[in-house]
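Asks: One structure coming up, written as structure tokens, with questions to follow.
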Amino acid sequence: MFLKRRTRSKDGKTHVYYSVCESLRVSRTAVVQRQILHLGELNTTQLDSWQHSIDVLHEDGQRRQLRLFTDRDQPAPDDPDVVEVKLWSFAVKSPRRFGDCWAAYQLWCDLGLDAFWRDALAEEAGEVPWDKVLAVLAVNRLLAPRSELFVHEKWFPQSAMDVLLDTDARVADKDRLYRCLDRLLDHKPTLEQHLAQKWKDLFGATFDLLLYDLTSTYFEGEVEAVPKARRGYSRDHRPDCKQLVLALIVTPEGFPLTYEIFPGNRLDRTTLEPVLDTIEKKFGHARRLWVFDRGIVSEENLELLRQRGAQYLVGTPKSQLKAYEQKLVAGDWQKVSAQVQVQLVAEADEVYVLCRSAGRVQKERAMRRRWLRRLISDLRGLRRRVKEGLLKQRELIQRAIGRLQERHPQAWRWLQWELNESEAGLAFDWDWDREKFKKSVAAEGAYLLRAHWPDCRDPATLWQTYMQLSEAESAFRTLKSEVKVRPIWHWTADRVDAHVLVAFLGYCLWVGLKKKAERAAPSLTPWQILDQLGRILLVEVWFELKDGRRLCLPRITQPEPAQALLLHQLNWTLPAQPPPRVYAKDVPSAGTTLAVGVENP
């Protein structure tokens, strides 16, 4: 094997490339050269960038800036700074994920989080800066969210985070990762103000319209030391676990502004006032428009918003549709999309927007038919058992009817039943309340919005604004599915809150990548981008030197065409290749050698 030097002229400029090749005899008279590893350009755009400096680690601990290759095609000069490589010792080792880690850390720096946390945690002493430990946690939360133990044992050794952060494996020590969580919560208010300014500077975000929604996340274990861990309505379908309620405020574009943590048994409608206080304290009083769902709506909350000079656009409970039954049948409907019609109903200083969605009609109709099929099947079974004498006592029959009512609460409201006595015994019969059934059918696909927004009286604009609430729902899906804020394994209250904060940081990186991609590659999702870039690896090419030392060439693998196109679209450029290193270590010397010039610059 040997190092092959190849030059290429392009646009009036000469480029020099190196590759590791070996000679293969294919016949008695023919020899071909096979490329084993392409090392690429060991320079930048300037000719003097042949000067790749390396750190030579001598046994005496001194360092010298040396030059790895000469640009002369001649035998090695008789110089003490020239070393000879044993090509038989060529080896590629330690493949680690580089591209996705580099992209995530690039986002971390673009949002100014590296400088923010460096200043915020500057007074904290430690062998490794705490801001670098937090960067490891946040990048992992975006790329492969798992526990701190997983980061320490599995993920960090397989990533290139030590190279990106210019540190060593101590940054991911298990205890250091946990202790980092203990230092974060005091900086949450200033962090949110910093991020709000970044959303404004980088993406032109405004905070006049805020979307507010809630979700829950659950614990594994009893977590008796966490006062907020309570059992309540579980949106994760885990009523067996204690949980927290998370309140998130985002802009219509999905930029997170702040979040609050409430006990797991907190009612949704009781969370609005603390959130209002938080927003006004951190971002000042303003005539903002609040958009939230019907679970947070109460007359007390709406009156609170009016008293504070805020505006609102909210969903309403479906029971309020009864007051607009005539409007559902006949009204001045305005088509705002292929699937949705709306009409405006003004009342005092508020307006109501009556909406009907064709897609929602189909969904609710299918649900109604499913409910009715199941109920009718159980009713026929009950009537058969009564008729055959399997249920003879009135009390037993009434208990069976009660179980059916509990099993089918949605369709039971349309049912009328009776239990009659005859000479043959008890008979169970039923019929339908057709008037009530017709009203339910007429209300299918309809929902009602309620607004206190004096500047807007257009039903189409009101509906379109309310639909932006889907950004908050998308944020929760990302927090749960991509960033994996659930489940929570921590046992102390402060670390539980810090776990949510790290997940919040991971979501900020996700949003930053999403918005960056929307400008350059709108068809790609953040997951697709990270998946592609994750295939770019960092490897180490090792050679033994004739004098007993070892040469290491860290190399970032060349992007494939799809990855190169993606980097071009995002206007990202991979960093320069890491500098080679020579380690002073005695190794056996044997085999073919090739002179590699190493001179002082």
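Going by the structure tokens order, chains are called A, B, ..., each with residues numbered from 1, while ligands are numbered from 1 in the order shown.
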Env of stretch 523-527 of chain A: 12 Å cut, atoms = only C-alpha atoms, seq-sep filter 4 positions within chain, self excluded. Answer as a PyMOL selection string.
Replies: chain A and resi 100+103-104+107+142-144+478+481-483+507+509-519+531-534+566+569-570
Asks: Leaving out A:Trp463 and any residue of its chain fewer than 4 positions from it, which residues lie within 8 Å of it when counting only C-alpha atoms, given as a PDB file with N, CA and C atoms, in the first residue's frame?
Replies:
ATOM      1  N   VAL A 342     -68.408  28.594   7.767  1.00  0.00           N
ATOM      2  CA  VAL A 342     -68.532  29.331   9.025  1.00  0.00           C
ATOM      3  C   VAL A 342     -69.616  30.391   8.875  1.00  0.00           C
ATOM      4  N   VAL A 353     -68.552  32.191  16.532  1.00  0.00           N
ATOM      5  CA  VAL A 353     -68.322  31.707  15.184  1.00  0.00           C
ATOM      6  C   VAL A 353     -68.796  30.256  15.123  1.00  0.00           C
ATOM      7  N   CYS A 355     -69.040  26.909  13.205  1.00  0.00           N
ATOM      8  CA  CYS A 355     -68.213  26.263  12.178  1.00  0.00           C
ATOM      9  C   CYS A 355     -68.750  24.856  11.898  1.00  0.00           C
ATOM     10  N   LEU A 449     -66.946  28.676  18.259  1.00  0.00           N
ATOM     11  CA  LEU A 449     -65.844  29.476  18.769  1.00  0.00           C
ATOM     12  C   LEU A 449     -66.399  30.741  19.410  1.00  0.00           C
ATOM     13  N   PRO A 459     -65.592  36.173  10.092  1.00  0.00           N
ATOM     14  CA  PRO A 459     -65.608  34.782  10.586  1.00  0.00           C
ATOM     15  C   PRO A 459     -64.490  33.933   9.997  1.00  0.00           C
ATOM     16  N   MET A 467     -57.408  27.904  14.098  1.00  0.00           N
ATOM     17  CA  MET A 467     -56.770  26.706  13.581  1.00  0.00           C
ATOM     18  C   MET A 467     -55.268  26.692  13.857  1.00  0.00           C
TER      19      MET A 467
END
Asks: Return the single residue from A:Val345, A:Ala310, A:Glu406, A:His237 that is closest to A:Ala323, with distances computed using only C-alpha atoms.
Replies: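 Checking each of A:Val345, A:Ala310, A:Glu406, A:His237 against A:Ala323, counting only C-alpha atoms, the winner is A:Val345.
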Asks: Rank A:Leu257, A:Leu505, A:Ala424, A:Val496 by their smallest atom-to-atom distance to A:Lys282, using only C-alpha atoms, and report the top residue only.
Replies: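 For A:Lys282, the nearest of the given residues is A:Leu257.
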